[in-house]
$ cat model.txt   # compact mmCIF, C-alpha atoms
# COMPACT_ATOMS: atom_id res chain seq x y z
CA MET A 1 0.00 0.00 0.00
CA ILE A 2 2.87 2.38 0.80
CA ARG A 3 4.19 1.95 -2.73
CA LYS A 4 0.77 2.89 -4.10
CA LEU A 5 0.51 6.04 -1.98
CA PRO A 6 2.57 8.26 -4.37
CA LEU A 7 0.41 7.06 -7.27
CA LEU A 8 -2.80 7.81 -5.38
CA LEU A 9 -1.50 11.24 -4.44
CA ALA A 10 -0.52 11.86 -8.05
CA LEU A 11 -3.99 10.84 -9.24
CA ALA A 12 -5.59 13.16 -6.73
CA ALA A 13 -3.33 16.03 -7.80
CA ILE A 14 -4.07 15.39 -11.46
CA GLY A 15 -7.81 15.30 -10.82
CA LEU A 16 -7.75 18.51 -8.81
CA SER A 17 -5.53 20.20 -11.42
CA LEU A 18 -8.00 19.22 -14.11
CA VAL A 19 -10.82 20.73 -12.09
CA ALA A 20 -8.85 23.95 -11.58
CA LEU A 21 -8.27 24.25 -15.34
CA VAL A 22 -11.91 23.59 -16.09
CA SER A 23 -13.09 26.17 -13.57
CA ILE A 24 -10.74 28.81 -14.95
CA ALA A 25 -11.89 28.13 -18.51
CA ALA A 26 -15.54 27.94 -17.55
CA GLY A 27 -15.66 31.25 -15.70
CA GLN A 28 -19.30 31.85 -14.90
CA ALA A 29 -20.33 28.25 -15.63
CA TRP A 30 -20.20 27.36 -11.93
CA ALA A 31 -23.05 29.76 -11.24
CA GLN A 32 -25.07 28.44 -14.16
CA GLU A 33 -24.81 24.73 -13.40
CA ARG A 34 -27.70 24.66 -10.93
CA THR A 35 -29.95 26.39 -13.48
CA GLY A 36 -29.89 23.53 -15.99
CA SER A 37 -27.03 24.32 -18.37
CA ILE A 38 -25.01 21.45 -16.85
CA ILE A 39 -26.45 18.01 -16.10
CA CYS A 40 -27.22 17.68 -12.36
CA ARG A 41 -28.76 14.59 -10.78
CA ASP A 42 -28.88 12.66 -7.52
CA TRP A 43 -25.23 11.80 -6.83
CA GLU A 44 -25.67 8.24 -5.57
CA THR A 45 -27.87 7.29 -8.52
CA THR A 46 -25.42 8.92 -10.93
CA ARG A 47 -22.37 7.30 -9.31
CA VAL A 48 -23.94 3.83 -9.62
CA ALA A 49 -24.99 4.52 -13.24
CA PHE A 50 -21.47 5.56 -14.24
CA LEU A 51 -20.05 2.46 -12.56
CA GLN A 52 -22.50 0.19 -14.38
CA LYS A 53 -22.35 1.90 -17.78
CA HIS A 54 -18.68 2.92 -17.98
CA GLY A 55 -16.99 0.96 -15.19
CA GLU A 56 -15.93 4.27 -13.60
CA THR A 57 -15.10 4.56 -9.92
CA THR A 58 -13.87 7.51 -7.85
CA ILE A 59 -10.10 7.90 -8.12
CA ALA A 60 -9.78 11.36 -6.57
CA THR A 61 -11.87 13.74 -4.51
CA GLY A 62 -11.36 17.16 -2.98
CA VAL A 63 -13.26 19.95 -1.27
CA THR A 64 -13.76 23.07 -3.39
CA ASN A 65 -12.78 26.56 -2.29
CA ASN A 66 -16.39 27.66 -2.59
CA ARG A 67 -18.25 28.20 0.63
CA ASP A 68 -21.13 25.99 -0.44
CA GLY A 69 -19.56 22.81 0.95
CA SER A 70 -19.26 21.17 -2.46
CA ARG A 71 -16.56 18.74 -3.44
CA VAL A 72 -15.11 17.42 -6.69
CA GLU A 73 -15.19 13.74 -7.60
CA VAL A 74 -13.02 12.39 -10.41
CA LEU A 75 -14.17 9.04 -11.78
CA ALA A 76 -12.25 6.86 -14.24
CA SER A 77 -12.56 3.40 -15.66
CA ARG A 78 -9.91 0.91 -14.60
CA ASP A 79 -8.47 0.73 -18.12
CA GLY A 80 -8.49 4.54 -18.46
CA ASP A 81 -10.83 4.36 -21.42
CA THR A 82 -13.24 6.94 -19.92
CA PHE A 83 -13.29 9.54 -17.15
CA SER A 84 -15.78 12.00 -15.68
CA VAL A 85 -15.49 14.96 -13.30
CA PHE A 86 -18.41 15.91 -11.05
CA ARG A 87 -19.13 18.64 -8.56
CA VAL A 88 -21.11 17.18 -5.65
CA TYR A 89 -23.14 19.36 -3.30
CA PRO A 90 -23.98 18.65 0.36
CA ASP A 91 -27.65 18.14 -0.60
CA GLY A 92 -26.69 15.03 -2.59
CA VAL A 93 -26.82 16.56 -6.07
CA GLY A 94 -23.93 15.83 -8.44
CA CYS A 95 -23.27 17.92 -11.56
CA LEU A 96 -21.25 16.59 -14.48
CA ILE A 97 -18.52 19.10 -15.28
CA ILE A 98 -16.64 17.26 -18.00
CA SER A 99 -16.12 13.75 -19.32
CA GLY A 100 -13.80 12.23 -21.83
CA TYR A 101 -11.65 9.31 -22.82
CA GLY A 102 -8.01 8.29 -22.63
CA TRP A 103 -7.46 8.97 -18.91
CA GLU A 104 -3.81 8.52 -18.09
CA ALA A 105 -2.36 8.55 -14.59
CA MET A 106 0.88 10.50 -14.56
CA PRO A 107 3.78 9.27 -12.44
CA ASP A 108 4.66 11.47 -9.49
CA GLY A 109 8.14 11.98 -10.96
CA SER A 110 9.86 11.86 -7.60
CA GLY A 111 11.57 8.52 -8.16
CA ASP A 112 11.17 7.92 -4.43
CA GLU A 113 9.70 4.47 -3.81
CA THR A 114 9.38 4.87 -0.05

$ encode --input "model.txt" --output "structure tokens"
Amino acid sequence: MIRKLPLLLALAAIGLSLVALVSIAAGQAWAQERTGSIICRDWETTRVAFLQKHGETTIATGVTNNRDGSRVEVLASRDGDTFSVFRVYPDGVGCLIISGYGWEAMPDGSGDET
């Protein structure tokens, strides 16, 4: 497990970096997502659907800097074929931010195996 820790940290950093890039590019999109311009559904139902349809599970999560208590969930299939990024609110609603294919976990680059 200790050997996997750098990889898990790298995946989390990659996921959060992706979210930061999306939020910068999207600008006002965060405010619009609850009004219907982005797909928002019950998070548990959505999470199960993405697991069943795409084989995606959560590989990274992080709390946003917004004061609404939301968090980001990055899902990816085991083979990296597909990935999805959601913003999940405390009320149980999850909003799809972006999805795609060809997810690739980047090595942490430290070379430190400890």

$ atom_distance --input "model.txt" --atom1 "atom CA of A:Cys95" --atom2 "atom CA of A:Ile38"
6.6 Å

$ residues_around --input "model.txt" --residues "stretch 72-74 of chain A" --least-positions-apart "2" --cutoff "8 Å" --atoms "all atoms listed in the file" --output "PyMOL selection string"
chain A and resi 15-16+19+58-64+70+76+83-88

$ closest_residue --input "model.txt" --among "A:Asp108, A:Thr82, A:Trp103, A:Val93" --to "A:Lys53" --atoms "only C-alpha atoms"
A:Thr82

$ atom_distance --input "model.txt" --atom1 "atom CA of A:Met106" --atom2 "atom CA of A:Gly69"
28.5 Å

$ residues_around --input "model.txt" --residues "A:Gly94" --least-positions-apart "5" --cutoff "9 Å" --atoms "all atoms listed in the file" --output "ChimeraX atom specification"
/A:39-44,46-47,86-89

$ atom_distance --input "model.txt" --atom1 "atom CA of A:Gly100" --atom2 "atom CA of A:Asn66"
24.8 Å

$ closest_residue --input "model.txt" --among "A:Gly102, A:Ile97, A:Asn65, A:Glu56" --to "A:Ser77" --atoms "all atoms listed in the file"
A:Glu56

$ build_atoms --input "model.txt" --residues "stretch 37-66 of chain A" --atoms "N, CA and C atoms" --output "mmCIF file, in the coordinates of the input"
data_model
loop_
_atom_site.group_PDB
_atom_site.id
_atom_site.type_symbol
_atom_site.label_atom_id
_atom_site.label_comp_id
_atom_site.auth_asym_id
_atom_site.auth_seq_id
_atom_site.Cartn_x
_atom_site.Cartn_y
_atom_site.Cartn_z
ATOM 1 N N SER A 37 -27.926 24.351 -17.220
ATOM 2 C CA SER A 37 -27.030 24.320 -18.370
ATOM 3 C C SER A 37 -26.005 23.191 -18.251
ATOM 4 N N ILE A 38 -25.863 22.609 -17.071
ATOM 5 C CA ILE A 38 -25.010 21.450 -16.850
ATOM 6 C C ILE A 38 -25.890 20.370 -16.244
ATOM 7 N N ILE A 39 -25.625 19.120 -16.569
ATOM 8 C CA ILE A 39 -26.450 18.010 -16.100
ATOM 9 C C ILE A 39 -26.218 17.779 -14.607
ATOM 10 N N CYS A 40 -27.280 17.905 -13.805
ATOM 11 C CA CYS A 40 -27.220 17.680 -12.360
ATOM 12 C C CYS A 40 -28.281 16.652 -11.989
ATOM 13 N N ARG A 41 -27.860 15.653 -11.220
ATOM 14 C CA ARG A 41 -28.760 14.590 -10.780
ATOM 15 C C ARG A 41 -28.373 14.137 -9.373
ATOM 16 N N ASP A 42 -29.210 13.262 -8.795
ATOM 17 C CA ASP A 42 -28.880 12.660 -7.520
ATOM 18 C C ASP A 42 -27.524 11.962 -7.632
ATOM 19 N N TRP A 43 -26.607 12.276 -6.713
ATOM 20 C CA TRP A 43 -25.230 11.800 -6.830
ATOM 21 C C TRP A 43 -25.134 10.284 -6.716
ATOM 22 N N GLU A 44 -25.791 9.685 -5.746
ATOM 23 C CA GLU A 44 -25.670 8.240 -5.570
ATOM 24 C C GLU A 44 -26.202 7.481 -6.785
ATOM 25 N N THR A 45 -27.314 7.921 -7.323
ATOM 26 C CA THR A 45 -27.870 7.290 -8.520
ATOM 27 C C THR A 45 -26.914 7.453 -9.702
ATOM 28 N N THR A 46 -26.357 8.637 -9.840
ATOM 29 C CA THR A 46 -25.420 8.920 -10.930
ATOM 30 C C THR A 46 -24.147 8.100 -10.787
ATOM 31 N N ARG A 47 -23.611 8.045 -9.564
ATOM 32 C CA ARG A 47 -22.370 7.300 -9.310
ATOM 33 C C ARG A 47 -22.553 5.829 -9.691
ATOM 34 N N VAL A 48 -23.661 5.238 -9.297
ATOM 35 C CA VAL A 48 -23.940 3.830 -9.620
ATOM 36 C C VAL A 48 -24.106 3.661 -11.138
ATOM 37 N N ALA A 49 -24.784 4.599 -11.783
ATOM 38 C CA ALA A 49 -24.990 4.520 -13.240
ATOM 39 C C ALA A 49 -23.665 4.576 -13.983
ATOM 40 N N PHE A 50 -22.760 5.448 -13.556
ATOM 41 C CA PHE A 50 -21.470 5.560 -14.240
ATOM 42 C C PHE A 50 -20.608 4.320 -13.997
ATOM 43 N N LEU A 51 -20.750 3.707 -12.832
ATOM 44 C CA LEU A 51 -20.050 2.460 -12.560
ATOM 45 C C LEU A 51 -20.579 1.357 -13.472
ATOM 46 N N GLN A 52 -21.897 1.245 -13.570
ATOM 47 C CA GLN A 52 -22.500 0.190 -14.380
ATOM 48 C C GLN A 52 -22.296 0.399 -15.877
ATOM 49 N N LYS A 53 -22.431 1.636 -16.332
ATOM 50 C CA LYS A 53 -22.350 1.900 -17.780
ATOM 51 C C LYS A 53 -20.917 2.009 -18.288
ATOM 52 N N HIS A 54 -20.041 2.657 -17.505
ATOM 53 C CA HIS A 54 -18.680 2.920 -17.980
ATOM 54 C C HIS A 54 -17.604 2.225 -17.161
ATOM 55 N N GLY A 55 -17.981 1.598 -16.063
ATOM 56 C CA GLY A 55 -16.990 0.960 -15.190
ATOM 57 C C GLY A 55 -16.141 1.982 -14.441
ATOM 58 N N GLU A 56 -16.682 3.195 -14.261
ATOM 59 C CA GLU A 56 -15.930 4.270 -13.600
ATOM 60 C C GLU A 56 -16.145 4.256 -12.093
ATOM 61 N N THR A 57 -15.050 4.419 -11.362
ATOM 62 C CA THR A 57 -15.100 4.560 -9.920
ATOM 63 C C THR A 57 -14.318 5.817 -9.525
ATOM 64 N N THR A 58 -14.545 6.297 -8.321
ATOM 65 C CA THR A 58 -13.870 7.510 -7.850
ATOM 66 C C THR A 58 -12.388 7.228 -7.644
ATOM 67 N N ILE A 59 -11.550 8.033 -8.290
ATOM 68 C CA ILE A 59 -10.100 7.900 -8.120
ATOM 69 C C ILE A 59 -9.502 9.082 -7.394
ATOM 70 N N ALA A 60 -10.266 10.180 -7.285
ATOM 71 C CA ALA A 60 -9.780 11.360 -6.570
ATOM 72 C C ALA A 60 -10.976 12.188 -6.125
ATOM 73 N N THR A 61 -10.827 12.865 -5.012
ATOM 74 C CA THR A 61 -11.870 13.740 -4.510
ATOM 75 C C THR A 61 -11.217 14.883 -3.750
ATOM 76 N N GLY A 62 -11.884 16.010 -3.711
ATOM 77 C CA GLY A 62 -11.360 17.160 -2.980
ATOM 78 C C GLY A 62 -12.446 18.181 -2.722
ATOM 79 N N VAL A 63 -12.296 18.910 -1.632
ATOM 80 C CA VAL A 63 -13.260 19.950 -1.270
ATOM 81 C C VAL A 63 -12.940 21.204 -2.061
ATOM 82 N N THR A 64 -13.980 21.850 -2.601
ATOM 83 C CA THR A 64 -13.760 23.070 -3.390
ATOM 84 C C THR A 64 -13.505 24.259 -2.471
ATOM 85 N N ASN A 65 -13.011 25.329 -3.042
ATOM 86 C CA ASN A 65 -12.780 26.560 -2.290
ATOM 87 C C ASN A 65 -14.048 27.378 -2.114
ATOM 88 N N ASN A 66 -15.116 26.958 -2.748
ATOM 89 C CA ASN A 66 -16.390 27.660 -2.590
ATOM 90 C C ASN A 66 -16.929 27.429 -1.194
#
